[in-house]
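Below is the file data_0.cif, which contains mmCIF, C-alpha atoms.
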```
data_protein
#
loop_
_atom_site.label_atom_id
_atom_site.label_comp_id
_atom_site.auth_asym_id
_atom_site.auth_seq_id
_atom_site.Cartn_x
_atom_site.Cartn_y
_atom_site.Cartn_z
CA MET A 1 18.66 -9.96 -81.70
CA SER A 2 18.07 -6.32 -82.47
CA ASP A 3 20.48 -4.19 -84.40
CA LEU A 4 19.57 -1.14 -82.33
CA GLY A 5 22.34 0.82 -80.73
CA LEU A 6 22.55 0.88 -76.92
CA SER A 7 20.89 4.28 -76.60
CA ASP A 8 17.89 3.29 -78.74
CA LEU A 9 17.65 -0.05 -77.01
CA GLN A 10 17.54 1.69 -73.61
CA ARG A 11 14.83 4.07 -74.78
CA TRP A 12 12.78 1.20 -76.19
CA PHE A 13 13.22 -0.78 -72.95
CA GLN A 14 12.10 2.23 -70.91
CA ALA A 15 9.07 2.82 -73.14
CA VAL A 16 7.99 -0.82 -72.78
CA VAL A 17 8.58 -1.51 -69.09
CA THR A 18 7.24 1.84 -67.84
CA HIS A 19 4.07 1.77 -69.88
CA PRO A 20 1.12 1.96 -67.48
CA ASP A 21 -0.87 -0.64 -69.43
CA GLY A 22 1.78 -3.31 -69.36
CA ILE A 23 4.42 -4.88 -71.60
CA SER A 24 2.22 -5.85 -74.55
CA VAL A 25 0.61 -2.43 -74.90
CA GLY A 26 3.94 -0.79 -74.21
CA ALA A 27 5.63 -2.67 -77.02
CA GLU A 28 2.99 -1.37 -79.41
CA SER A 29 2.97 2.16 -78.05
CA GLU A 30 3.80 5.06 -80.32
CA GLU A 31 7.02 5.74 -78.48
CA ALA A 32 8.25 2.12 -78.72
CA ILE A 33 7.14 1.63 -82.33
CA ALA A 34 9.05 4.75 -83.33
CA ILE A 35 12.23 3.04 -82.16
CA ALA A 36 11.48 -0.57 -83.04
CA PRO A 37 8.34 -1.32 -85.07
CA LEU A 38 7.42 -4.61 -83.43
CA SER A 39 4.18 -6.29 -82.50
CA ARG A 40 3.68 -7.80 -79.05
CA ASN A 41 4.42 -11.20 -80.55
CA GLU A 42 7.83 -10.18 -81.77
CA LEU A 43 9.40 -9.28 -78.44
CA GLU A 44 11.86 -12.13 -78.62
CA SER A 45 13.58 -10.42 -81.50
CA MET A 46 14.62 -7.84 -78.92
CA VAL A 47 14.91 -9.85 -75.69
CA THR A 48 15.86 -13.50 -75.74
CA ARG A 49 13.75 -15.95 -73.79
CA SER A 50 15.25 -18.05 -71.00
CA GLU A 51 14.65 -21.70 -70.28
CA LYS A 52 11.56 -20.95 -68.24
CA LEU A 53 10.48 -17.43 -69.13
CA SER A 54 9.34 -15.79 -72.34
CA ALA A 55 10.64 -12.40 -73.40
CA GLN A 56 7.41 -10.81 -72.22
CA GLU A 57 7.65 -12.49 -68.83
CA ARG A 58 11.25 -11.41 -68.45
CA LEU A 59 10.34 -7.82 -69.33
CA SER A 60 7.39 -7.98 -66.93
CA ILE A 61 9.77 -8.53 -64.03
CA TYR A 62 11.26 -5.10 -64.69
CA ALA A 63 7.86 -3.53 -65.27
CA GLN A 64 6.51 -4.86 -61.97
CA ALA A 65 9.63 -3.76 -60.13
CA TYR A 66 9.37 -0.30 -61.67
CA PHE A 67 5.79 0.20 -60.48
CA ALA A 68 6.47 -1.46 -57.14
CA ARG A 69 9.26 1.04 -56.45
CA LEU A 70 7.08 3.99 -57.46
CA ILE A 71 4.18 2.79 -55.32
CA GLU A 72 6.62 2.35 -52.44
CA CYS A 73 7.82 5.93 -52.98
CA LEU A 74 4.24 7.20 -52.96
CA GLY A 75 3.65 5.32 -49.73
CA GLU A 76 6.60 7.11 -48.18
CA SER A 77 5.22 10.44 -49.36
CA PHE A 78 1.81 9.75 -47.82
CA PRO A 79 2.50 7.66 -44.70
CA VAL A 80 -0.58 8.76 -42.76
CA LEU A 81 -2.89 8.40 -45.74
CA LYS A 82 -1.48 4.93 -46.34
CA GLN A 83 -2.02 3.98 -42.71
CA THR A 84 -5.55 5.36 -42.82
CA LEU A 85 -6.52 3.51 -46.00
CA GLY A 86 -4.57 0.34 -45.35
CA GLU A 87 -1.78 -0.84 -47.62
CA GLU A 88 -3.88 -2.70 -50.16
CA LEU A 89 -6.32 0.12 -50.79
CA PHE A 90 -3.58 2.73 -50.82
CA ASN A 91 -1.57 0.73 -53.33
CA GLY A 92 -4.65 0.46 -55.51
CA PHE A 93 -5.03 4.23 -55.53
CA ALA A 94 -1.31 4.61 -56.16
CA PHE A 95 -1.31 2.25 -59.13
CA GLY A 96 -4.35 3.96 -60.60
CA TYR A 97 -2.58 7.28 -60.16
CA LEU A 98 0.55 6.06 -61.93
CA GLN A 99 -1.58 4.88 -64.83
CA GLN A 100 -3.35 8.22 -65.04
CA TYR A 101 -0.29 10.35 -64.37
CA PRO A 102 2.86 8.41 -65.32
CA SER A 103 6.11 9.59 -63.80
CA ARG A 104 7.63 12.13 -66.18
CA SER A 105 10.28 13.86 -64.09
CA TYR A 106 13.89 12.84 -63.59
CA THR A 107 13.35 13.26 -59.85
CA LEU A 108 11.04 11.28 -57.58
CA ALA A 109 10.38 14.50 -55.68
CA ARG A 110 7.81 15.37 -58.35
CA LEU A 111 6.18 11.92 -58.42
CA ALA A 112 3.31 12.80 -56.09
CA ASP A 113 2.52 16.26 -57.45
CA LYS A 114 -0.90 15.34 -58.80
CA PHE A 115 -1.90 12.62 -56.38
CA ALA A 116 -4.37 14.75 -54.43
CA GLN A 117 -5.73 16.05 -57.72
CA PHE A 118 -6.12 12.45 -58.91
CA LEU A 119 -8.06 11.56 -55.74
CA HIS A 120 -10.27 14.56 -56.34
CA GLU A 121 -10.86 13.68 -59.99
CA THR A 122 -11.74 10.09 -59.18
CA ARG A 123 -13.68 10.67 -55.97
CA PRO A 124 -17.04 8.90 -55.79
CA SER A 125 -20.12 11.06 -55.88
CA ASN A 126 -21.26 12.27 -52.50
CA ASP A 127 -24.17 10.29 -51.07
CA GLU A 128 -25.48 13.47 -49.59
CA ALA A 129 -25.41 15.40 -52.83
CA THR A 130 -28.46 17.31 -53.74
CA ALA A 131 -30.30 16.68 -56.97
CA ASP A 132 -28.22 19.22 -58.84
CA GLY A 133 -25.02 17.67 -57.62
CA GLU A 134 -24.07 20.17 -54.96
CA ASP A 135 -22.39 18.58 -51.96
CA LEU A 136 -24.04 19.25 -48.65
CA HIS A 137 -21.32 18.05 -46.35
CA PRO A 138 -17.69 17.12 -46.63
CA SER A 139 -17.43 13.34 -46.58
CA TRP A 140 -14.87 10.54 -46.40
CA PRO A 141 -13.34 11.24 -49.85
CA ASP A 142 -12.92 14.88 -48.90
CA PHE A 143 -11.09 13.80 -45.76
CA LEU A 144 -8.72 11.64 -47.82
CA ILE A 145 -8.13 14.49 -50.28
CA ASP A 146 -7.43 16.92 -47.43
CA LEU A 147 -5.01 14.46 -45.87
CA ALA A 148 -3.24 13.86 -49.18
CA ASN A 149 -2.98 17.61 -49.72
CA LEU A 150 -1.46 18.09 -46.27
CA GLU A 151 1.11 15.36 -46.73
CA TRP A 152 2.04 16.54 -50.22
CA ASN A 153 2.48 20.09 -48.98
CA ILE A 154 4.68 18.90 -46.12
CA ALA A 155 6.89 17.08 -48.64
CA ASP A 156 6.87 20.04 -51.02
CA VAL A 157 7.83 22.51 -48.30
CA PHE A 158 10.64 20.16 -47.32
CA ASP A 159 11.96 20.00 -50.89
CA GLY A 160 11.34 23.63 -51.83
CA PRO A 161 13.17 26.88 -51.13
CA GLY A 162 13.66 27.78 -47.49
CA ILE A 163 15.13 30.34 -45.16
CA GLU A 164 18.16 28.43 -43.94
CA LYS A 165 20.55 30.49 -46.04
CA ILE A 166 18.85 33.86 -46.06
CA THR A 167 18.35 36.57 -43.46
CA THR A 168 14.88 36.74 -41.99
CA LEU A 169 13.12 39.76 -40.59
CA ASN A 170 14.83 41.56 -37.75
CA ALA A 171 11.87 43.50 -36.48
CA GLU A 172 14.12 45.98 -34.69
CA GLN A 173 14.53 47.54 -38.15
CA LEU A 174 10.88 48.53 -37.95
CA LEU A 175 11.94 51.17 -35.45
CA ASP A 176 13.54 53.02 -38.35
CA VAL A 177 10.07 53.49 -39.81
CA THR A 178 7.96 56.33 -38.50
CA PRO A 179 4.99 55.04 -36.48
CA GLU A 180 2.58 56.76 -38.86
CA GLN A 181 3.83 54.43 -41.58
CA TRP A 182 3.60 51.19 -39.63
CA GLY A 183 0.18 50.48 -41.06
CA ALA A 184 1.62 50.81 -44.59
CA ILE A 185 4.29 48.18 -44.08
CA ARG A 186 4.20 45.23 -46.44
CA LEU A 187 5.83 42.09 -45.13
CA GLN A 188 7.58 39.65 -47.42
CA THR A 189 6.71 36.18 -46.22
CA ALA A 190 9.17 33.30 -46.19
CA PRO A 191 9.30 31.24 -49.40
CA CYS A 192 8.56 28.12 -47.37
CA LEU A 193 5.42 29.52 -45.73
CA ARG A 194 2.44 27.51 -46.95
CA LEU A 195 -1.09 28.34 -45.78
CA MET A 196 -3.76 25.69 -46.01
CA LYS A 197 -7.49 25.59 -45.48
CA THR A 198 -9.05 22.15 -45.11
CA GLN A 199 -12.55 20.80 -44.58
CA PHE A 200 -11.34 18.39 -41.90
CA PRO A 201 -8.86 18.99 -39.06
CA VAL A 202 -6.28 16.81 -40.78
CA ASN A 203 -3.30 18.45 -39.13
CA GLY A 204 -4.48 17.28 -35.71
CA TYR A 205 -5.22 13.85 -37.13
CA PHE A 206 -1.75 13.73 -38.72
CA THR A 207 -0.20 14.53 -35.33
CA ALA A 208 -2.35 11.97 -33.53
CA ILE A 209 -1.35 9.23 -35.98
CA ARG A 210 2.31 10.10 -35.73
CA LEU A 211 2.21 10.05 -31.93
CA ALA A 212 0.10 6.93 -31.59
CA ASP A 213 1.70 3.55 -31.05
CA ASN A 214 0.83 0.70 -33.36
CA ASP A 215 -1.90 -0.65 -31.10
CA THR A 216 -3.77 2.60 -30.76
CA LYS A 217 -6.60 3.27 -33.14
CA VAL A 218 -7.08 6.87 -34.14
CA ASP A 219 -10.52 7.70 -35.41
CA PRO A 220 -10.79 10.07 -38.35
CA PRO A 221 -12.16 13.45 -37.25
CA SER A 222 -15.51 14.96 -38.03
CA PRO A 223 -15.68 17.70 -40.66
CA GLU A 224 -14.63 21.11 -39.43
CA ASP A 225 -13.07 23.96 -41.39
CA SER A 226 -9.45 24.01 -40.31
CA TYR A 227 -6.38 26.07 -41.03
CA VAL A 228 -2.69 25.33 -40.83
CA ALA A 229 0.55 27.07 -41.69
CA LEU A 230 3.51 25.03 -42.85
CA SER A 231 7.00 26.39 -42.72
CA ARG A 232 10.52 25.12 -42.49
CA ARG A 233 13.33 26.02 -40.14
CA GLU A 234 16.64 24.20 -39.91
CA TYR A 235 15.38 21.83 -42.59
CA ILE A 236 12.51 20.63 -40.42
CA VAL A 237 8.95 21.23 -41.61
CA ARG A 238 6.91 22.83 -38.84
CA ARG A 239 3.13 22.71 -38.69
CA HIS A 240 1.22 25.49 -36.95
CA GLU A 241 -2.51 25.25 -36.30
CA LEU A 242 -4.25 28.51 -37.14
CA SER A 243 -7.60 30.01 -36.28
CA ARG A 244 -9.58 31.43 -39.15
CA PRO A 245 -8.67 35.06 -38.35
CA GLN A 246 -5.00 34.08 -38.17
CA TYR A 247 -5.30 32.33 -41.53
CA GLU A 248 -7.06 35.28 -43.15
CA LEU A 249 -4.47 37.67 -41.76
CA LEU A 250 -1.53 35.63 -43.00
CA VAL A 251 -3.13 35.06 -46.41
CA ALA A 252 -3.60 38.80 -46.80
CA LEU A 253 0.00 39.47 -45.76
CA GLN A 254 1.26 36.80 -48.13
CA ASP A 255 -0.81 38.38 -50.91
CA GLY A 256 1.15 41.58 -50.40
CA ARG A 257 -1.39 43.63 -48.49
CA THR A 258 -0.16 46.14 -45.94
CA ILE A 259 -0.35 45.33 -42.25
CA ALA A 260 -3.34 47.65 -41.83
CA GLU A 261 -5.12 46.17 -44.86
CA ALA A 262 -4.41 42.65 -43.67
CA ILE A 263 -5.78 43.34 -40.20
CA GLU A 264 -8.88 44.89 -41.74
CA HIS A 265 -9.28 41.86 -44.00
CA ALA A 266 -9.04 39.52 -41.01
CA ALA A 267 -11.52 41.61 -39.02
CA LEU A 268 -14.02 41.70 -41.86
CA ALA A 269 -13.66 37.97 -42.49
CA GLY A 270 -15.22 37.37 -39.09
CA GLY A 271 -14.67 34.54 -36.69
CA MET A 272 -13.49 36.78 -33.87
CA SER A 273 -14.66 39.96 -32.23
CA ASP A 274 -12.62 43.09 -32.82
CA ASP A 275 -11.74 43.18 -29.15
CA ASP A 276 -10.39 39.66 -29.21
CA LEU A 277 -8.56 40.42 -32.43
CA ILE A 278 -6.84 43.38 -30.80
CA LYS A 279 -6.00 41.33 -27.75
CA ASN A 280 -4.45 38.57 -29.81
CA LEU A 281 -2.52 40.55 -32.41
CA PRO A 282 0.61 40.98 -30.26
CA SER A 283 1.09 37.31 -29.53
CA TRP A 284 0.25 36.32 -33.12
CA PHE A 285 2.73 38.67 -34.72
CA GLY A 286 5.26 37.86 -32.04
CA ALA A 287 4.98 34.13 -32.65
CA TRP A 288 5.06 34.50 -36.43
CA THR A 289 8.21 36.59 -36.18
CA ARG A 290 9.81 34.03 -33.87
CA HIS A 291 8.83 31.29 -36.31
CA GLN A 292 10.46 33.34 -39.09
CA PHE A 293 7.35 33.63 -41.23
CA PHE A 294 8.65 37.00 -42.49
CA VAL A 295 11.90 37.73 -44.23
CA SER A 296 11.76 41.45 -44.98
CA PHE A 297 9.47 44.44 -45.28
CA GLU A 298 8.92 47.54 -47.33
CA VAL A 299 6.95 50.68 -46.72
CA THR A 300 4.65 51.81 -49.49
CA MET B 1 -9.24 46.51 -21.87
CA ALA B 2 -8.43 47.88 -25.31
CA GLU B 3 -12.02 48.19 -26.46
CA GLN B 4 -12.34 51.40 -24.51
CA HIS B 5 -9.39 52.97 -26.21
CA VAL B 6 -9.03 51.64 -29.74
CA SER B 7 -11.73 52.64 -32.16
CA ARG B 8 -13.49 49.80 -33.86
CA ARG B 9 -12.04 50.14 -37.33
CA ASP B 10 -8.81 51.97 -36.75
CA PHE B 11 -6.68 49.34 -38.38
CA SER B 12 -3.74 51.62 -38.88
CA LYS B 13 -3.47 52.03 -35.14
CA LEU B 14 -3.73 48.29 -34.72
CA ALA B 15 -0.60 48.06 -36.81
CA THR B 16 1.18 49.60 -33.83
CA VAL B 17 0.17 46.60 -31.80
CA ALA B 18 1.26 44.26 -34.59
CA VAL B 19 4.66 45.91 -34.94
CA GLY B 20 5.13 45.68 -31.20
CA GLY B 21 4.42 41.98 -31.46
CA MET B 22 7.01 41.54 -34.18
CA ILE B 23 9.65 43.42 -32.22
CA ALA B 24 8.87 41.32 -29.18
CA GLY B 25 9.10 38.20 -31.32
CA SER B 26 12.44 39.27 -32.72
CA ARG B 27 13.82 39.90 -29.27
CA VAL B 28 12.65 36.53 -28.04
CA ALA B 29 14.24 34.91 -31.08
CA MET B 30 17.49 36.67 -30.25
CA GLY B 31 17.25 35.66 -26.60
CA GLN B 32 16.81 39.19 -25.31
CA ASP B 33 13.40 38.94 -23.77
CA ALA B 34 10.76 36.65 -22.40
CA LYS B 35 10.89 33.02 -23.37
CA ALA B 36 9.13 31.80 -26.48
CA GLY B 37 5.46 31.14 -25.99
CA ASP B 38 4.96 33.85 -23.41
CA VAL B 39 1.72 35.64 -24.00
CA PHE B 40 0.55 38.57 -21.97
CA PRO B 41 -2.35 40.94 -22.43
CA VAL B 42 -1.49 44.47 -23.46
CA ASP B 43 -3.33 47.73 -23.73
CA PRO B 44 -1.58 50.40 -25.81
CA ALA B 45 -3.59 53.10 -24.09
CA GLN B 46 -1.76 52.35 -20.85
CA LEU B 47 1.22 54.06 -22.38
CA LEU B 48 -0.69 57.34 -22.28
CA GLU B 49 -1.68 57.02 -18.66
CA ASP B 50 0.40 58.12 -15.73
CA PRO B 51 2.46 57.12 -13.91
CA ASN B 52 4.89 56.38 -16.69
CA VAL B 53 7.67 53.89 -17.12
CA CYS B 54 10.50 56.06 -18.39
CA ARG B 55 11.65 59.48 -19.47
CA GLY B 56 9.69 61.25 -22.17
CA LEU B 57 6.53 59.25 -21.66
CA ASN B 58 4.48 61.52 -19.40
CA SER B 59 1.10 62.31 -20.88
CA CYS B 60 0.67 65.79 -19.35
CA GLY B 61 2.77 68.60 -18.01
CA GLY B 62 3.49 68.15 -14.34
CA LYS B 63 2.97 64.42 -14.38
CA GLY B 64 6.57 63.40 -14.83
CA LYS B 65 9.81 63.83 -13.01
CA GLY B 66 12.29 66.66 -13.50
CA ASP B 67 11.81 70.04 -15.10
CA HIS B 68 9.49 69.76 -18.06
CA ALA B 69 7.00 72.00 -19.77
CA CYS B 70 4.60 69.52 -21.24
CA ALA B 71 3.79 65.97 -22.20
CA GLY B 72 6.64 63.75 -23.34
CA GLN B 73 9.38 65.65 -21.58
CA ALA B 74 9.74 64.14 -18.14
CA SER B 75 13.22 63.07 -17.20
CA CYS B 76 12.52 59.72 -15.60
CA THR B 77 10.00 57.08 -14.64
CA THR B 78 7.36 57.83 -12.06
CA VAL B 79 6.55 54.20 -11.33
CA GLU B 80 8.52 52.18 -8.90
CA ALA B 81 11.67 50.85 -10.50
CA HIS B 82 12.08 47.10 -10.75
CA SER B 83 14.73 44.91 -12.16
CA CYS B 84 13.07 42.14 -14.04
CA HIS B 85 9.91 40.92 -15.77
CA GLY B 86 6.79 40.20 -13.79
CA MET B 87 7.85 42.40 -10.86
CA ASN B 88 5.68 45.38 -11.78
CA ASP B 89 3.12 46.14 -9.12
CA CYS B 90 0.31 47.37 -11.34
CA LYS B 91 -0.90 47.45 -14.90
CA GLY B 92 0.91 49.77 -17.29
CA ARG B 93 4.07 49.68 -15.24
CA GLY B 94 6.05 46.87 -16.83
CA GLY B 95 8.82 47.20 -19.34
CA CYS B 96 9.72 46.05 -22.85
CA GLY B 97 8.42 42.85 -24.42
CA GLY B 98 7.44 44.92 -27.44
CA TYR B 99 4.82 46.71 -25.38
CA PRO B 100 6.64 48.80 -22.84
CA GLY B 101 4.26 50.30 -20.32
CA GLN B 102 1.26 48.61 -21.90
CA ASN B 103 0.82 45.51 -19.79
CA ALA B 104 -2.80 45.17 -18.85
CA CYS B 105 -2.30 43.40 -15.54
CA LYS B 106 -0.08 43.37 -12.54
CA GLU B 107 3.00 41.17 -12.83
CA GLN B 108 2.69 40.92 -16.58
CA GLY B 109 5.26 43.42 -17.75
CA HIS B 110 8.53 42.21 -19.13
CA CYS B 111 11.95 43.43 -18.01
CA ALA B 112 13.10 46.35 -16.03
CA VAL B 113 11.84 49.86 -15.34
CA PRO B 114 13.21 52.39 -16.16
CA LEU B 115 13.24 50.97 -19.63
CA SER B 116 16.32 49.75 -21.41
CA LYS B 117 17.60 51.84 -24.33
CA ASP B 118 15.98 49.66 -26.97
CA SER B 119 12.68 49.41 -25.15
CA TRP B 120 12.63 53.14 -24.57
CA ALA B 121 13.04 53.81 -28.30
CA LEU B 122 10.07 51.59 -29.04
CA ALA B 123 7.99 53.03 -26.22
CA ARG B 124 8.69 56.57 -27.35
CA LYS B 125 7.67 55.76 -30.92
CA GLN B 126 4.48 54.13 -29.76
CA PHE B 127 3.86 57.01 -27.35
CA GLU B 128 4.24 59.57 -30.15
CA HIS B 129 1.98 57.58 -32.44
CA LEU B 130 -0.74 57.26 -29.89
CA MET B 131 -0.48 60.89 -28.79
CA LYS B 132 -0.74 62.10 -32.39
CA ASP B 133 -3.63 59.80 -32.93
CA MET B 134 -5.46 61.38 -30.05
CA GLY B 135 -4.57 64.86 -31.24
CA LYS B 136 -2.49 65.60 -28.16
CA GLU B 137 0.63 67.68 -28.21
CA PHE B 138 3.88 66.57 -26.71
CA GLY B 139 7.37 67.88 -26.41
CA LYS B 140 10.70 66.69 -27.70
CA ALA B 141 12.07 63.76 -25.78
CA PRO B 142 14.64 64.59 -23.14
CA LYS B 143 18.15 63.28 -23.44
CA LYS B 144 19.13 60.52 -21.11
#
```

As structure tokens:
Amino acid sequence: MSDLGLSDLQRWFQAVVTHPDGISVGAESEEAIAIAPLSRNELESMVTRSEKLSAQERLSIYAQAYFARLIECLGESFPVLKQTLGEELFNGFAFGYLQQYPSRSYTLARLADKFAQFLHETRPSNDEATADGEDLHPSWPDFLIDLANLEWNIADVFDGPGIEKITTLNAEQLLDVTPEQWGAIRLQTAPCLRLMKTQFPVNGYFTAIRLADNDTKVDPPSPEDSYVALSRREYIVRRHELSRPQYELLVALQDGRTIAEAIEHAALAGGMSDDDLIKNLPSWFGAWTRHQFFVSFEVT
Amino acid sequence: MAEQHVSRRDFSKLATVAVGGMIAGSRVAMGQDAKAGDVFPVDPAQLLEDPNVCRGLNSCGGKGKGDHACAGQASCTTVEAHSCHGMNDCKGRGGCGGYPGQNACKEQGHCAVPLSKDSWALARKQFEHLMKDMGKEFGKAPKK
């Protein structure tokens, strides 16, 4: 048996069983060797064998359980993506992800941070790519990446800072500002407001999957630029479909532009006539205030 | 509606509409006004047309009630009073909702006329902004 102290033994055990390439490679990894300079054939000097299992097989039980739990956690973070891909394929992506981006945080809340990035980095080339590699149309991998991004953002908004314990905008205070200055108001958006642009209408698909019973098949949507705002009230993540002008307006406000600048930005971005923009501004700003998208304002 | 009254790129003036929306949203959130989800068309220019929905909102001398010398000094509403939202009989005659006196259609105003204290304060601010924007003069608001 090893003469290592408990702390070193624990660190060695962690280095070996969490190594993405398995027990043998883990035992010979830099981190493990630094604690106990062993080869893969010397594991039984650290872990005794049983009647039926070698030291490596016994360690593998923990290694498999470790990755199984992490893959299970990823599945819970991306339930709609998992349902869309099927369990086997999803688990394959998840295992590949954990090999590429091993868990490094003390909290599982950070486990999925780079999953959408991983899907993007490993996406197959687009069949419809032009000769110089430029994609012509969003395709199935883009849909999966959009969906993963949506689900990750939902989880991140849930875990992140919110408005439950702060005062949000009471627009009556705007009456203290002279009307000439209303255009110069800058709104501070809620810390939990997340604005997303996607190539597929994944928010609608997400809703359809969540509402569908097990026997109902939901077809993935066709590509279409889509916009959604995520926010959180009373610890529930709310999803709000946006039109492009709404998205542009909110992005500009979130970037710190004044109300007048933001409206101009939305108007210039197109997607809606000025007349329709004017007609819709009251209900948009009214709804966003009700939804507590804004927490305060300043006049510059 | 508004296209006749709001210049194409006057985004500062559009902020008036946006602020009205936020105030309406706040009031809904606090349970003071129309239920969440209510949407109604508005036209800020209606606020400058007579008849008017409360004191101090007449656009010209002689077009309001009571003794007054010029715009913005009438003592009371010249539209028919009503007690609740949706009971206005013509456009521009409804109350509050962030857009007092700016409803673009019959039965689409919110709340009572004459306006409540809070709605009047908002209407007066919007009235002053729009009048200044059009280069029109107006008098000091009368006391209630």

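Closest approach to chain B among A:Glu241, A:Glu298, A:Glu180, A:Asp255 is made by A:Glu180 (distances from only C-alpha atoms).
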
**Q.** Check: which chain A residues lie within 12 Å of chain B using all atoms listed in the file, as an MDAnalysis selection string
**A.** chainID A and resid 168:187 249 258:268 273:297

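Coordinates place atom CA of A:Lys114 at a distance of 10.0 Å from atom CA of A:Ala148.
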
Q: Name the residues captured by the PyMOL selection byres ((chain A and resi 9-26) around 10) when it is applied to the shown file; answer as a ChimeraX atom specification.
A: /A:2-8,27-36,39-41,43,46-47,55-67,95-103

With C-alpha atoms retained, write the just-selected residues as a CSV table (one decimal), in the frame of the given file.
```csv
chain,number,residue,atom,x,y,z
A,2,SER,CA,18.1,-6.3,-82.5
A,3,ASP,CA,20.5,-4.2,-84.4
A,4,LEU,CA,19.6,-1.1,-82.3
A,5,GLY,CA,22.3,0.8,-80.7
A,6,LEU,CA,22.6,0.9,-76.9
A,7,SER,CA,20.9,4.3,-76.6
A,8,ASP,CA,17.9,3.3,-78.7
A,27,ALA,CA,5.6,-2.7,-77.0
A,28,GLU,CA,3.0,-1.4,-79.4
A,29,SER,CA,3.0,2.2,-78.0
A,30,GLU,CA,3.8,5.1,-80.3
A,31,GLU,CA,7.0,5.7,-78.5
A,32,ALA,CA,8.2,2.1,-78.7
A,33,ILE,CA,7.1,1.6,-82.3
A,34,ALA,CA,9.0,4.8,-83.3
A,35,ILE,CA,12.2,3.0,-82.2
A,36,ALA,CA,11.5,-0.6,-83.0
A,39,SER,CA,4.2,-6.3,-82.5
A,40,ARG,CA,3.7,-7.8,-79.0
A,41,ASN,CA,4.4,-11.2,-80.6
A,43,LEU,CA,9.4,-9.3,-78.4
A,46,MET,CA,14.6,-7.8,-78.9
A,47,VAL,CA,14.9,-9.8,-75.7
A,55,ALA,CA,10.6,-12.4,-73.4
A,56,GLN,CA,7.4,-10.8,-72.2
A,57,GLU,CA,7.6,-12.5,-68.8
A,58,ARG,CA,11.2,-11.4,-68.4
A,59,LEU,CA,10.3,-7.8,-69.3
A,60,SER,CA,7.4,-8.0,-66.9
A,61,ILE,CA,9.8,-8.5,-64.0
A,62,TYR,CA,11.3,-5.1,-64.7
A,63,ALA,CA,7.9,-3.5,-65.3
A,64,GLN,CA,6.5,-4.9,-62.0
A,65,ALA,CA,9.6,-3.8,-60.1
A,66,TYR,CA,9.4,-0.3,-61.7
A,67,PHE,CA,5.8,0.2,-60.5
A,95,PHE,CA,-1.3,2.2,-59.1
A,96,GLY,CA,-4.4,4.0,-60.6
A,97,TYR,CA,-2.6,7.3,-60.2
A,98,LEU,CA,0.6,6.1,-61.9
A,99,GLN,CA,-1.6,4.9,-64.8
A,100,GLN,CA,-3.4,8.2,-65.0
A,101,TYR,CA,-0.3,10.4,-64.4
A,102,PRO,CA,2.9,8.4,-65.3
A,103,SER,CA,6.1,9.6,-63.8
```

Q. Could you work out how far atom CA of A:Gly86 lies from atom CA of A:Asp219, giving the answer in Å with one decimal?
A. 13.7 Å

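Atom pair atom CA of A:Ser139 / atom CA of A:Gln246: separated by 25.6 Å.
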
Q.
Once the PyMOL selection byres ((chain A and resi 76) around 12) is applied to the coordinates I shared, what remains selected? I want it as a PyMOL selection string.
A. chain A and resi 69-75+77-83+87+90-91+94+108-109+111-112+148+151-152+155

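Distances here use all atoms listed in the file; by that measure, the residue among A:Glu88, A:Glu248, A:Asp142, A:Asp113 closest to A:Pro221 is A:Asp142.
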
Could I see stretch 74-82 of chain A restored to N, CA and C atoms, set down as a CSV table (one decimal), in the frame of the given file?
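Output saved as selection03.csv:
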```
chain,number,residue,atom,x,y,z
A,74,LEU,N,5.5,6.5,-53.3
A,74,LEU,CA,4.2,7.2,-53.0
A,74,LEU,C,3.8,6.9,-51.5
A,75,GLY,N,4.0,5.7,-51.1
A,75,GLY,CA,3.6,5.3,-49.7
A,75,GLY,C,4.5,6.1,-48.7
A,76,GLU,N,5.7,6.3,-49.1
A,76,GLU,CA,6.6,7.1,-48.2
A,76,GLU,C,6.2,8.6,-48.2
A,77,SER,N,5.7,9.0,-49.3
A,77,SER,CA,5.2,10.4,-49.4
A,77,SER,C,3.9,10.7,-48.6
A,78,PHE,N,3.1,9.6,-48.5
A,78,PHE,CA,1.8,9.8,-47.8
A,78,PHE,C,1.7,8.7,-46.7
A,79,PRO,N,2.5,8.7,-45.7
A,79,PRO,CA,2.5,7.7,-44.7
A,79,PRO,C,1.2,7.6,-43.9
A,80,VAL,N,0.6,8.8,-43.6
A,80,VAL,CA,-0.6,8.8,-42.8
A,80,VAL,C,-1.8,8.4,-43.6
A,81,LEU,N,-1.8,8.8,-44.8
A,81,LEU,CA,-2.9,8.4,-45.7
A,81,LEU,C,-2.8,6.9,-45.9
A,82,LYS,N,-1.6,6.4,-46.1
A,82,LYS,CA,-1.5,4.9,-46.3
A,82,LYS,C,-1.9,4.2,-45.1
```
